[in-house]
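Asks: Got protein_5.cif for you, mmCIF, C-alpha atoms and all ligand atoms:
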data_upload
#
loop_
_atom_site.label_atom_id
_atom_site.label_comp_id
_atom_site.auth_asym_id
_atom_site.auth_seq_id
_atom_site.Cartn_x
_atom_site.Cartn_y
_atom_site.Cartn_z
CA MET A 191 -10.39 -6.64 66.30
CA THR A 192 -6.98 -6.04 67.90
CA THR A 193 -6.03 -8.08 70.96
CA THR A 194 -3.16 -7.15 73.27
CA ASP A 195 -1.73 -9.50 75.89
CA TYR A 196 -0.66 -8.20 79.30
CA ASP A 197 0.41 -9.82 82.52
CA ILE A 198 -1.74 -7.41 84.54
CA VAL A 199 -4.60 -5.06 83.64
CA ILE A 200 -5.65 -2.56 86.31
CA ILE A 201 -9.09 -0.98 85.91
CA GLY A 202 -9.06 2.49 87.50
CA GLY A 203 -6.10 4.86 87.56
CA GLY A 204 -7.09 6.76 90.72
CA MET A 205 -4.81 7.06 93.75
CA VAL A 206 -4.89 3.31 94.43
CA GLY A 207 -4.78 1.93 90.87
CA ALA A 208 -1.97 4.28 89.79
CA SER A 209 0.01 3.40 92.95
CA LEU A 210 -0.37 -0.31 92.19
CA ALA A 211 0.89 0.16 88.62
CA CYS A 212 3.96 2.04 89.92
CA ALA A 213 4.56 -0.59 92.63
CA LEU A 214 4.60 -3.40 90.01
CA ALA A 215 6.56 -1.51 87.36
CA ASP A 216 10.15 -2.28 88.42
CA SER A 217 9.85 -5.78 86.95
CA SER A 218 9.48 -7.45 83.58
CA LEU A 219 5.67 -7.56 84.00
CA SER A 220 3.62 -5.93 81.22
CA ILE A 221 0.87 -3.77 82.70
CA ALA A 222 -2.11 -1.78 81.40
CA VAL A 223 -4.09 0.82 83.34
CA VAL A 224 -7.61 1.47 82.00
CA GLU A 225 -8.97 4.79 83.31
CA GLY A 226 -12.38 6.16 82.41
CA ARG A 227 -11.71 9.85 83.12
CA GLU A 228 -8.66 11.89 82.08
CA PRO A 229 -7.55 13.40 85.44
CA PRO A 230 -6.62 17.10 85.67
CA THR A 231 -2.92 17.87 85.27
CA GLU A 232 -3.16 21.67 85.30
CA TRP A 233 -5.09 24.04 87.54
CA PRO A 234 -4.93 27.68 88.60
CA GLU A 235 -2.29 28.03 91.31
CA ASP A 236 -4.64 29.78 93.73
CA SER A 237 -7.32 27.05 93.49
CA PHE A 238 -7.59 24.10 95.88
CA ASP A 239 -9.11 20.67 95.17
CA ILE A 240 -12.21 20.09 97.32
CA ARG A 241 -11.07 16.46 97.71
CA VAL A 242 -8.11 16.05 100.09
CA SER A 243 -6.66 13.09 101.97
CA ALA A 244 -4.88 12.79 105.30
CA ILE A 245 -1.87 10.69 104.29
CA THR A 246 -0.28 8.56 107.01
CA ARG A 247 3.42 7.95 107.53
CA ALA A 248 3.02 4.42 106.12
CA SER A 249 1.52 5.82 102.90
CA GLU A 250 4.19 8.54 102.71
CA ASN A 251 6.82 5.78 102.93
CA LEU A 252 5.13 3.92 100.07
CA PHE A 253 5.09 7.10 97.93
CA ARG A 254 8.79 7.59 98.71
CA ARG A 255 9.57 4.06 97.54
CA LEU A 256 7.53 4.63 94.37
CA GLY A 257 9.54 7.82 93.67
CA THR A 258 6.48 10.08 93.80
CA TRP A 259 6.83 11.80 97.17
CA ASP A 260 9.22 14.53 96.01
CA LYS A 261 6.88 15.50 93.19
CA MET A 262 3.97 15.73 95.67
CA THR A 263 5.95 17.97 98.02
CA THR A 264 6.97 20.19 95.09
CA LEU A 265 3.36 20.52 94.01
CA ARG A 266 1.82 21.20 97.47
CA VAL A 267 1.46 19.25 100.72
CA GLN A 268 0.71 20.34 104.28
CA PRO A 269 2.22 18.50 107.26
CA TYR A 270 0.13 18.50 110.43
CA GLU A 271 1.91 18.47 113.74
CA ALA A 272 -0.99 18.04 116.13
CA MET A 273 -4.53 16.71 116.31
CA GLU A 274 -7.25 18.14 118.52
CA VAL A 275 -10.45 16.16 118.99
CA TRP A 276 -13.34 17.20 121.22
CA ASP A 277 -16.97 16.44 121.94
CA ALA A 278 -19.61 19.10 121.36
CA THR A 279 -21.79 17.80 124.15
CA GLY A 280 -19.32 17.82 127.04
CA SER A 281 -15.84 18.74 128.15
CA GLY A 282 -14.01 15.59 126.89
CA HIS A 283 -11.09 16.22 124.60
CA ILE A 284 -7.90 14.59 123.37
CA HIS A 285 -4.76 16.18 121.96
CA PHE A 286 -1.99 14.45 120.00
CA ASP A 287 1.30 16.23 119.43
CA ALA A 288 4.11 15.11 117.13
CA ALA A 289 6.72 16.84 119.32
CA GLU A 290 5.66 14.77 122.36
CA LEU A 291 6.19 11.65 120.28
CA GLY A 292 9.56 12.71 118.89
CA GLU A 293 8.11 12.82 115.35
CA PRO A 294 8.39 15.75 112.89
CA ASN A 295 4.64 15.51 112.13
CA LEU A 296 1.67 13.16 112.41
CA GLY A 297 1.03 13.03 108.65
CA HIS A 298 0.19 15.27 105.68
CA ILE A 299 -2.98 16.69 104.17
CA ILE A 300 -2.71 16.44 100.38
CA GLU A 301 -5.12 17.37 97.62
CA ASN A 302 -6.23 14.23 95.75
CA ARG A 303 -5.35 15.79 92.38
CA VAL A 304 -1.77 16.38 93.61
CA ILE A 305 -1.42 12.71 94.56
CA THR A 306 -2.85 11.51 91.24
CA ARG A 307 -0.73 13.89 89.18
CA ALA A 308 2.52 12.78 90.84
CA LEU A 309 1.59 9.11 90.37
CA LEU A 310 0.65 9.59 86.70
CA ASN A 311 3.93 11.39 86.03
CA ARG A 312 5.80 8.42 87.44
CA LEU A 313 3.57 5.87 85.73
CA ARG A 314 4.22 7.46 82.32
CA SER A 315 7.98 7.13 82.85
CA HIS A 316 7.75 3.29 82.87
CA ASP A 317 7.82 1.64 79.39
CA ASN A 318 6.13 -1.52 80.66
CA ILE A 319 2.92 0.38 81.60
CA ASP A 320 0.32 1.26 78.94
CA TYR A 321 -1.92 4.00 80.29
CA ARG A 322 -5.23 3.82 78.40
CA SER A 323 -7.42 6.84 79.11
CA PRO A 324 -10.19 7.69 78.53
CA ALA A 325 -11.22 4.04 78.20
CA SER A 326 -13.64 1.75 80.02
CA PRO A 327 -14.22 -1.99 79.99
CA LYS A 328 -17.49 -3.24 78.56
CA ARG A 329 -17.23 -7.03 78.94
CA LEU A 330 -15.28 -9.45 81.13
CA LEU A 331 -14.60 -13.08 80.38
CA LEU A 332 -12.84 -15.20 82.99
CA ARG A 333 -11.31 -18.25 81.36
CA SER A 334 -8.98 -20.90 82.65
CA GLY A 335 -5.51 -19.37 82.50
CA GLN A 336 -6.53 -15.75 81.82
CA ALA A 337 -9.09 -12.96 81.91
CA GLN A 338 -10.26 -11.15 78.78
CA LEU A 339 -11.63 -7.62 78.73
CA GLN A 340 -13.37 -5.87 75.90
CA LEU A 341 -13.04 -2.09 76.03
CA ASP A 342 -15.64 0.45 74.91
CA ASP A 343 -13.52 1.18 71.79
CA GLY A 344 -13.79 -2.52 70.82
CA LYS A 345 -10.17 -3.43 71.72
CA LEU A 346 -9.58 -6.74 73.50
CA LEU A 347 -7.11 -7.10 76.35
CA ASN A 348 -5.96 -10.48 77.65
CA ALA A 349 -4.50 -10.54 81.16
CA ARG A 350 -3.19 -13.14 83.54
CA LEU A 351 -4.55 -10.94 86.32
CA VAL A 352 -7.16 -8.18 86.18
CA VAL A 353 -7.33 -5.84 89.17
CA GLY A 354 -10.35 -3.72 90.11
CA ALA A 355 -9.16 -0.36 91.44
CA ASP A 356 -12.31 1.22 90.06
CA GLY A 357 -13.69 2.69 93.26
CA ALA A 358 -16.75 2.22 95.47
CA HIS A 359 -19.13 1.27 92.64
CA SER A 360 -16.59 -1.08 91.04
CA TRP A 361 -17.64 -2.38 87.63
CA LEU A 362 -15.26 -5.31 87.97
CA ARG A 363 -16.68 -6.32 91.35
CA GLN A 364 -20.18 -6.37 89.88
CA GLN A 365 -19.10 -8.30 86.76
CA ALA A 366 -17.41 -10.90 88.96
CA GLY A 367 -20.63 -11.26 91.01
CA ILE A 368 -18.86 -10.36 94.26
CA GLU A 369 -21.31 -9.18 96.89
CA VAL A 370 -20.69 -6.35 99.35
CA GLN A 371 -21.76 -6.00 102.96
CA GLU A 372 -23.05 -2.47 103.44
CA ARG A 373 -23.23 -0.26 106.53
CA HIS A 374 -25.55 2.69 106.36
CA TYR A 375 -23.88 5.55 108.23
CA ARG A 376 -26.83 7.76 107.31
CA GLN A 377 -24.51 10.70 106.86
CA THR A 378 -23.35 12.84 103.96
CA ALA A 379 -20.01 14.68 103.99
CA VAL A 380 -20.08 18.31 102.90
CA VAL A 381 -16.60 19.29 101.71
CA THR A 382 -15.01 22.61 100.83
CA THR A 383 -11.94 24.75 101.59
CA VAL A 384 -12.04 27.85 103.76
CA GLN A 385 -9.96 30.74 105.07
CA THR A 386 -10.13 31.55 108.75
CA GLY A 387 -9.36 34.59 110.87
CA GLN A 388 -6.61 32.74 112.74
CA TYR A 389 -3.86 30.41 111.45
CA HIS A 390 -4.70 26.70 111.74
CA GLN A 391 -1.57 26.04 113.81
CA ASP A 392 -0.62 23.08 111.56
CA THR A 393 -3.24 21.13 113.46
CA ALA A 394 -6.00 18.75 112.30
CA TRP A 395 -9.14 19.66 114.25
CA GLN A 396 -12.23 17.52 114.73
CA ARG A 397 -15.34 18.36 116.73
CA PHE A 398 -17.92 15.62 117.30
CA LEU A 399 -21.41 17.10 116.94
CA PRO A 400 -24.50 14.98 117.66
CA THR A 401 -25.19 15.08 113.89
CA GLY A 402 -21.67 13.88 112.96
CA PRO A 403 -18.00 14.90 113.05
CA LEU A 404 -16.78 18.24 111.66
CA ALA A 405 -13.11 18.36 110.62
CA PHE A 406 -10.90 21.34 109.79
CA LEU A 407 -7.77 19.95 108.09
CA PRO A 408 -4.82 22.29 107.57
CA LEU A 409 -3.76 23.27 104.03
CA PRO A 410 -0.98 25.54 102.75
CA GLU A 411 -1.48 29.32 102.78
CA GLY A 412 -3.37 29.08 106.07
CA ARG A 413 -6.43 27.52 104.44
CA SER A 414 -8.37 24.57 105.82
CA ALA A 415 -10.18 21.69 104.14
CA ILE A 416 -13.60 21.01 105.65
CA VAL A 417 -15.20 17.58 105.99
CA TRP A 418 -18.56 18.13 107.67
CA SER A 419 -20.48 14.87 108.12
CA THR A 420 -24.16 15.31 108.81
CA SER A 421 -27.61 14.01 107.85
CA ALA A 422 -28.50 14.02 104.14
CA GLU A 423 -31.23 16.68 104.70
CA GLU A 424 -28.87 18.93 106.65
CA ALA A 425 -26.16 18.52 103.97
CA GLU A 426 -28.65 19.60 101.31
CA ARG A 427 -29.56 22.64 103.39
CA LEU A 428 -25.89 23.57 103.95
CA LEU A 429 -25.17 23.31 100.22
CA ALA A 430 -28.10 25.62 99.42
CA LEU A 431 -26.96 28.40 101.82
CA ASP A 432 -25.30 31.46 100.33
CA ALA A 433 -21.59 31.81 101.10
CA ALA A 434 -22.02 34.29 103.99
CA ASP A 435 -24.61 32.14 105.79
CA PHE A 436 -22.59 28.98 105.22
CA MET A 437 -19.46 30.60 106.68
CA ALA A 438 -21.41 31.86 109.71
CA GLU A 439 -22.94 28.42 110.40
CA LEU A 440 -19.62 26.65 109.89
CA GLY A 441 -17.84 29.02 112.30
CA GLU A 442 -20.58 28.47 114.88
CA ALA A 443 -20.46 24.66 114.53
CA PHE A 444 -16.68 24.82 115.06
CA GLU A 445 -16.96 27.09 118.11
CA HIS A 446 -14.90 29.69 116.22
CA ARG A 447 -11.72 27.86 117.30
CA LEU A 448 -9.84 29.55 114.45
CA GLY A 449 -11.74 32.83 114.59
CA ALA A 450 -14.34 33.68 111.96
CA VAL A 451 -14.53 31.80 108.67
CA THR A 452 -13.61 34.57 106.21
CA GLY A 453 -13.64 32.85 102.81
CA VAL A 454 -15.10 29.73 101.25
CA GLY A 455 -14.46 27.84 97.99
CA PRO A 456 -16.83 25.62 96.00
CA ARG A 457 -18.80 23.08 98.04
CA GLY A 458 -19.47 19.40 97.29
CA ALA A 459 -21.26 16.54 99.03
CA PHE A 460 -20.52 12.81 99.28
CA PRO A 461 -23.04 10.33 100.72
CA LEU A 462 -21.14 8.08 103.16
CA LYS A 463 -21.59 4.34 103.21
CA GLY A 464 -19.43 1.54 104.61
CA ARG A 465 -18.89 -1.32 102.17
CA HIS A 466 -16.88 -4.50 102.39
CA ALA A 467 -16.55 -6.99 99.54
CA ARG A 468 -17.23 -10.57 100.68
CA GLU A 469 -14.31 -11.73 98.53
CA TYR A 470 -11.28 -9.74 97.40
CA VAL A 471 -10.06 -12.33 94.88
CA LYS A 472 -11.09 -14.96 92.36
CA PRO A 473 -8.81 -16.79 89.95
CA HIS A 474 -7.22 -14.07 87.73
CA LEU A 475 -9.02 -11.27 89.56
CA ALA A 476 -8.38 -9.06 92.60
CA LEU A 477 -9.99 -5.97 94.15
CA VAL A 478 -8.07 -3.15 95.87
CA GLY A 479 -8.91 0.16 97.56
CA ASP A 480 -12.48 1.45 97.51
CA ALA A 481 -13.48 -1.37 95.13
CA ALA A 482 -12.90 -3.73 98.10
CA HIS A 483 -13.90 -1.46 101.03
CA THR A 484 -15.20 2.00 101.84
CA ILE A 485 -15.14 3.51 105.30
CA HIS A 486 -16.37 6.62 107.15
CA PRO A 487 -13.82 9.45 106.62
CA LEU A 488 -13.77 10.46 110.30
CA ALA A 489 -10.32 8.99 110.90
CA GLY A 490 -8.99 9.72 107.40
CA GLN A 491 -8.08 6.08 106.72
CA GLY A 492 -9.83 5.19 103.41
CA VAL A 493 -7.08 5.68 100.86
CA ASN A 494 -4.44 4.66 103.39
CA LEU A 495 -6.09 1.24 103.66
CA GLY A 496 -6.15 1.08 99.85
CA LEU A 497 -2.43 1.84 99.73
CA ALA A 498 -1.79 -0.91 102.27
CA ASP A 499 -3.67 -3.26 99.87
CA VAL A 500 -1.35 -2.07 97.10
CA GLU A 501 1.77 -2.94 99.10
CA GLU A 502 0.49 -6.40 99.90
CA LEU A 503 -0.84 -7.27 96.44
CA ALA A 504 2.34 -5.98 94.75
CA SER A 505 4.45 -8.00 97.16
CA VAL A 506 2.65 -11.35 96.53
CA VAL A 507 2.46 -10.78 92.76
CA LEU A 508 6.15 -9.82 92.47
CA ALA A 509 7.18 -12.81 94.63
CA ALA A 510 5.15 -15.18 92.40
CA HIS A 511 6.61 -13.61 89.26
CA ARG A 512 10.18 -13.97 90.54
CA ALA A 513 9.53 -17.60 91.43
CA GLN A 514 7.95 -18.14 87.95
CA ARG A 515 4.61 -19.04 89.52
CA PRO A 516 1.39 -17.76 87.87
CA VAL A 517 0.65 -14.21 89.07
CA GLY A 518 -3.12 -14.67 88.73
CA SER A 519 -3.50 -18.04 90.42
CA PHE A 520 -6.04 -18.25 93.23
CA LYS A 521 -3.32 -19.57 95.55
CA THR A 522 -1.16 -16.48 94.97
CA LEU A 523 -4.06 -14.07 95.30
CA ARG A 524 -5.45 -15.69 98.47
CA ARG A 525 -2.23 -14.66 100.24
CA TYR A 526 -3.12 -11.05 99.53
CA GLU A 527 -6.71 -11.50 100.70
CA ARG A 528 -5.67 -13.24 103.91
CA ALA A 529 -3.19 -10.49 104.73
CA ARG A 530 -5.57 -7.59 104.17
CA ARG A 531 -9.17 -8.59 104.85
CA GLY A 532 -8.86 -8.81 108.64
CA ASP A 533 -7.08 -5.46 108.95
CA ASN A 534 -9.64 -3.67 106.78
CA LEU A 535 -12.53 -5.25 108.68
CA LEU A 536 -11.03 -4.15 111.99
CA MET A 537 -10.84 -0.56 110.80
CA LEU A 538 -14.41 -0.69 109.38
CA ASP A 539 -15.70 -2.02 112.71
CA ALA A 540 -13.75 0.57 114.70
CA MET A 541 -15.06 3.47 112.58
CA GLY A 542 -18.63 2.09 112.79
CA ALA A 543 -18.39 1.92 116.59
CA PHE A 544 -16.85 5.41 116.81
CA LYS A 545 -19.54 6.89 114.62
CA ALA A 546 -22.29 5.20 116.65
CA LEU A 547 -20.77 6.25 119.99
CA PHE A 548 -20.41 9.89 118.99
CA SER A 549 -23.76 10.25 117.21
CA ASN A 550 -25.68 8.95 120.21
CA ASP A 551 -26.89 11.55 122.65
CA THR A 552 -28.11 9.41 125.54
CA PRO A 553 -26.65 10.87 128.78
CA VAL A 554 -24.78 7.68 129.76
CA LEU A 555 -22.98 7.40 126.45
CA ARG A 556 -22.26 11.14 126.51
CA GLU A 557 -20.61 10.80 129.94
CA LEU A 558 -18.73 7.69 128.89
CA ARG A 559 -17.22 9.19 125.77
CA ASN A 560 -16.20 12.37 127.55
CA LEU A 561 -14.57 10.30 130.28
CA GLY A 562 -13.00 8.04 127.64
CA LEU A 563 -11.49 10.97 125.74
CA ASP A 564 -10.08 12.51 128.93
CA LEU A 565 -8.73 9.21 130.26
CA THR A 566 -7.09 8.39 126.91
CA ASP A 567 -5.59 11.86 126.82
CA HIS A 568 -3.80 11.07 130.09
CA ALA A 569 -2.88 7.44 129.30
CA GLY A 570 0.54 7.62 127.58
CA PRO A 571 0.87 4.05 126.18
CA LEU A 572 -2.75 3.88 124.95
CA LYS A 573 -2.38 7.27 123.32
CA ASN A 574 0.84 6.13 121.63
CA LEU A 575 -0.92 3.01 120.37
CA ILE A 576 -3.81 5.04 118.91
CA VAL A 577 -1.50 7.50 117.20
CA ALA A 578 0.73 4.70 115.85
CA ARG A 579 -2.36 3.07 114.27
CA ALA A 580 -3.50 6.45 112.92
CA MET A 581 -0.07 6.91 111.31
CA GLY A 582 -0.35 3.44 109.77
CA LEU A 583 2.56 2.13 111.85
CA GLY A 584 2.60 -0.99 114.07
CA SER A 585 4.27 1.04 116.82
CA LEU A 586 5.97 4.40 117.09
CA PRO A 587 9.66 4.50 116.14
CA GLY A 588 11.76 3.91 119.29
CA LYS A 589 8.73 2.76 121.29
CA PRO A 590 7.60 -0.83 121.85
C1 LIG B 1 -15.40 13.26 102.10
C2 LIG B 1 -14.31 12.22 102.06
C3 LIG B 1 -13.12 12.48 102.72
C4 LIG B 1 -12.08 11.53 102.71
N1 LIG B 1 -10.93 11.78 103.39
C5 LIG B 1 -9.97 10.85 103.41
C6 LIG B 1 -8.75 11.06 104.15
O1 LIG B 1 -8.54 12.11 104.75
N2 LIG B 1 -7.82 10.08 104.15
C7 LIG B 1 -8.03 8.90 103.50
O2 LIG B 1 -7.17 8.01 103.57
N3 LIG B 1 -9.14 8.67 102.77
C8 LIG B 1 -10.11 9.60 102.73
N4 LIG B 1 -11.25 9.37 102.01
C9 LIG B 1 -11.38 8.13 101.24
C10 LIG B 1 -10.66 8.21 99.90
O3 LIG B 1 -11.09 9.35 99.17
C11 LIG B 1 -10.90 6.94 99.10
O4 LIG B 1 -10.59 5.83 99.91
C12 LIG B 1 -10.01 6.92 97.85
O5 LIG B 1 -10.41 7.92 96.94
C13 LIG B 1 -10.08 5.56 97.16
O6 LIG B 1 -9.20 5.56 96.07
P1 LIG B 1 -9.42 4.51 94.90
O7 LIG B 1 -8.33 4.79 93.91
O8 LIG B 1 -9.57 3.14 95.46
O9 LIG B 1 -10.84 4.87 94.28
P2 LIG B 1 -11.31 6.20 93.54
O10 LIG B 1 -10.65 7.40 94.11
O11 LIG B 1 -12.80 6.15 93.49
O12 LIG B 1 -10.71 5.99 92.06
C14 LIG B 1 -11.29 5.07 91.17
C15 LIG B 1 -10.80 5.38 89.75
O13 LIG B 1 -11.32 4.42 88.85
C16 LIG B 1 -11.90 5.07 87.73
N5 LIG B 1 -12.99 4.22 87.27
C17 LIG B 1 -14.14 3.92 87.93
N6 LIG B 1 -14.88 3.09 87.20
C18 LIG B 1 -14.21 2.84 86.06
C19 LIG B 1 -14.46 2.05 84.91
N7 LIG B 1 -15.58 1.32 84.80
N8 LIG B 1 -13.53 2.06 83.92
C20 LIG B 1 -12.40 2.78 84.00
N9 LIG B 1 -12.10 3.54 85.09
C21 LIG B 1 -12.99 3.57 86.09
C22 LIG B 1 -12.36 6.43 88.25
O14 LIG B 1 -12.43 7.37 87.19
C23 LIG B 1 -11.26 6.76 89.26
O15 LIG B 1 -10.18 7.42 88.65
C24 LIG B 1 -12.28 10.30 102.02
C25 LIG B 1 -13.48 10.05 101.34
C26 LIG B 1 -14.49 10.99 101.37
C27 LIG B 1 -15.79 10.71 100.64
#
Now, as a test, write the supplied structure out as structure tokens.
Replies:
Amino acid sequence: MTTTDYDIVIIGGGMVGASLACALADSSLSIAVVEGREPPTEWPEDSFDIRVSAITRASENLFRRLGTWDKMTTLRVQPYEAMEVWDATGSGHIHFDAAELGEPNLGHIIENRVITRALLNRLRSHDNIDYRSPASPKRLLLRSGQAQLQLDDGKLLNARLVVGADGAHSWLRQQAGIEVQERHYRQTAVVTTVQTGQYHQDTAWQRFLPTGPLAFLPLPEGRSAIVWSTSAEEAERLLALDAADFMAELGEAFEHRLGAVTGVGPRGAFPLKGRHAREYVKPHLALVGDAAHTIHPLAGQGVNLGLADVEELASVVLAAHRAQRPVGSFKTLRRYERARRGDNLLMLDAMGAFKALFSNDTPVLRELRNLGLDLTDHAGPLKNLIVARAMGLGSLPGKP
């Protein structure tokens, strides 16, 4: 049986795992990425991925530093310059505008396959990264001084640090016996891409219905990505509708803000659940991205939180490596956990509260949220604070 030694083995080469590999690569560390599914690298030009992400300024800055942003913009990205949020059961609304903030945009909507392709391109240009795909781990052994993984093809990998970037149902998290706290949102997101009668105005739109939020996110060529969160039964019904009925119901639910829905692509559904790992690290082991936390997509923060994990974990690991300290020691890894756990928990709590507030139709709460939206819309500093957080920044450039 062949055994290969690495400093770091990353399980999962999705958006978060591939970003971590790139962030660690400008060093003498030897790295392996083990990915179960070969991601798509080619697709018909007129097709759109049903999975998209709202990418914040902080994440854009990370992609720039990793040397992947230019490739993403060449492939296809859509900046959004405004955000319009309103409540279906009242008159409350809030509007964010990049121009008012002196920013070129508030972020970008990018197809997940575009992000992954740009990262894999970059990852393959580093000689100290072995990209092993398709491959999956079968067995984990945590020993003093190292972790050992056996892959499904029988190969053995030794690592000083093994990182789980293997998504919401993380194999590594389960093998390590790390428990998760779960929040049942009791919603499923129906996703697709559509064409509308009117141009989307480079704006991200979100209407809060009593059943859940409905988002129209702008894409190139005037298309929009839909994330329609609703009950599981309603999601099943929406998926079963023929295209014409689905477009009619979607247009209605969105108050025809962009005219009629005139075209629709394939539809998919994702059950939504909040999860938070009780521990992010153990000696020689760390979790990042969805393996550590999943969150309701209503504020488009999931992968952005994962990319913030990447920055922090790469920073503590590279600092330890430079100082010739062990990269997988509990002491090193605890720094990462301390820096990230609180921030992620805050966002999980905020999204849970938001979801509860907007899904509740008691008259008092309805009045309160409408008033809250209107007041916030008129409160400059609070609005700046919200938008700075949504862009992944501590504060807006030039503003305290
Ligand atoms: C409907 C919806 C809309 C969303 N919108 C946004 C948004 O606008 N903005 C945002 O920031 N976030 C959004 N998110 C969240 C975002 O999609 C996730 O946070 C993100 O995909 C997490 O990336 P990841 O790399 O951690 O995990 P994943 O994307 O799940 O990637 C995990 C990778 O690991 C691989 N893998 C899994 N198990 C194994 C194994 N045993 N062996 C080898 N490989 C394995 C998988 O093949 C995959 O490539 C949304 C989520 C949903 C459901």
Asks: Have a look at A:Thr420, A:Ser220, A:Thr194, A:Thr246 and name the one nearest to Asn318 of chain A; count all atoms listed in the file.
Replies: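 The closest residue to Asn318 of chain A is A:Ser220.
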Asks: Measuring atom to atom with all atoms listed in the file, identify which of A:Ser237, A:Ile305, A:Ser419, A:Gly479 is nearest to Val454 of chain A.
Replies: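 Among the listed residues, A:Ser237 lies closest to Val454 of chain A.
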Asks: To check your reading of the model: which residues sit at most 8 Å from ligand LIG 1 (chain B) when counting only C-alpha atoms and all ligand atoms? Write the answer as a VMD selection string.
Replies: chain A and resid 201 to 208 224 to 229 241 to 246 299 302 324 to 328 355 to 362 379 to 381 417 459 to 462 478 to 481 484 to 496
Asks: For the residues selected in the previous step, produce a file with C-alpha atoms as a JSON list (two decimals), keeping the file's coordinate frame.
Replies:
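The file below, part-v4.json, is the result:
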[["chain", "number", "residue", "atom", "x", "y", "z"],
["A", 201, "ILE", "CA", -9.09, -0.98, 85.91],
["A", 202, "GLY", "CA", -9.06, 2.49, 87.50],
["A", 203, "GLY", "CA", -6.10, 4.86, 87.56],
["A", 204, "GLY", "CA", -7.09, 6.76, 90.72],
["A", 205, "MET", "CA", -4.81, 7.06, 93.75],
["A", 206, "VAL", "CA", -4.89, 3.31, 94.43],
["A", 207, "GLY", "CA", -4.78, 1.93, 90.87],
["A", 208, "ALA", "CA", -1.97, 4.28, 89.79],
["A", 224, "VAL", "CA", -7.61, 1.47, 82.00],
["A", 225, "GLU", "CA", -8.97, 4.79, 83.31],
["A", 226, "GLY", "CA", -12.38, 6.16, 82.41],
["A", 227, "ARG", "CA", -11.71, 9.85, 83.12],
["A", 228, "GLU", "CA", -8.66, 11.89, 82.08],
["A", 229, "PRO", "CA", -7.55, 13.40, 85.44],
["A", 241, "ARG", "CA", -11.07, 16.46, 97.71],
["A", 242, "VAL", "CA", -8.11, 16.05, 100.09],
["A", 243, "SER", "CA", -6.66, 13.09, 101.97],
["A", 244, "ALA", "CA", -4.88, 12.79, 105.30],
["A", 245, "ILE", "CA", -1.87, 10.69, 104.29],
["A", 246, "THR", "CA", -0.28, 8.56, 107.01],
["A", 299, "ILE", "CA", -2.98, 16.69, 104.17],
["A", 302, "ASN", "CA", -6.23, 14.23, 95.75],
["A", 324, "PRO", "CA", -10.19, 7.69, 78.53],
["A", 325, "ALA", "CA", -11.22, 4.04, 78.20],
["A", 326, "SER", "CA", -13.64, 1.75, 80.02],
["A", 327, "PRO", "CA", -14.22, -1.99, 79.99],
["A", 328, "LYS", "CA", -17.49, -3.24, 78.56],
["A", 355, "ALA", "CA", -9.16, -0.36, 91.44],
["A", 356, "ASP", "CA", -12.31, 1.22, 90.06],
["A", 357, "GLY", "CA", -13.69, 2.69, 93.26],
["A", 358, "ALA", "CA", -16.75, 2.22, 95.47],
["A", 359, "HIS", "CA", -19.13, 1.27, 92.64],
["A", 360, "SER", "CA", -16.59, -1.08, 91.04],
["A", 361, "TRP", "CA", -17.64, -2.38, 87.63],
["A", 362, "LEU", "CA", -15.26, -5.31, 87.97],
["A", 379, "ALA", "CA", -20.01, 14.68, 103.99],
["A", 380, "VAL", "CA", -20.08, 18.31, 102.90],
["A", 381, "VAL", "CA", -16.60, 19.29, 101.71],
["A", 417, "VAL", "CA", -15.20, 17.58, 105.99],
["A", 459, "ALA", "CA", -21.26, 16.54, 99.03],
["A", 460, "PHE", "CA", -20.52, 12.81, 99.28],
["A", 461, "PRO", "CA", -23.04, 10.33, 100.72],
["A", 462, "LEU", "CA", -21.14, 8.08, 103.16],
["A", 478, "VAL", "CA", -8.07, -3.15, 95.87],
["A", 479, "GLY", "CA", -8.91, 0.16, 97.56],
["A", 480, "ASP", "CA", -12.48, 1.45, 97.51],
["A", 481, "ALA", "CA", -13.48, -1.37, 95.13],
["A", 484, "THR", "CA", -15.20, 2.00, 101.84],
["A", 485, "ILE", "CA", -15.14, 3.51, 105.30],
["A", 486, "HIS", "CA", -16.37, 6.62, 107.15],
["A", 487, "PRO", "CA", -13.82, 9.45, 106.62],
["A", 488, "LEU", "CA", -13.77, 10.46, 110.30],
["A", 489, "ALA", "CA", -10.32, 8.99, 110.90],
["A", 490, "GLY", "CA", -8.99, 9.72, 107.40],
["A", 491, "GLN", "CA", -8.08, 6.08, 106.72],
["A", 492, "GLY", "CA", -9.83, 5.19, 103.41],
["A", 493, "VAL", "CA", -7.08, 5.68, 100.86],
["A", 494, "ASN", "CA", -4.44, 4.66, 103.39],
["A", 495, "LEU", "CA", -6.09, 1.24, 103.66],
["A", 496, "GLY", "CA", -6.15, 1.08, 99.85]]
Asks: Give me the residues within 7 Å of segment 255-264 of chain A as number ranges by chain, counting only C-alpha atoms and dropping any in the same chain fewer than 4 places off.
Replies: A: 212-213, 250-251, 304-305, 308-309, 312
Asks: Generate a file of the selected residues that holds C-alpha atoms, formatted as a short mmCIF file (atom, residue, chain, number, x, y, z; two decimals), in the frame of the given file.
Replies:
data_model
loop_
_atom_site.label_atom_id
_atom_site.label_comp_id
_atom_site.auth_asym_id
_atom_site.auth_seq_id
_atom_site.Cartn_x
_atom_site.Cartn_y
_atom_site.Cartn_z
CA CYS A 212 3.96 2.04 89.92
CA ALA A 213 4.56 -0.59 92.63
CA GLU A 250 4.19 8.54 102.71
CA ASN A 251 6.82 5.78 102.93
CA VAL A 304 -1.77 16.38 93.61
CA ILE A 305 -1.42 12.71 94.56
CA ALA A 308 2.52 12.78 90.84
CA LEU A 309 1.59 9.11 90.37
CA ARG A 312 5.80 8.42 87.44
#
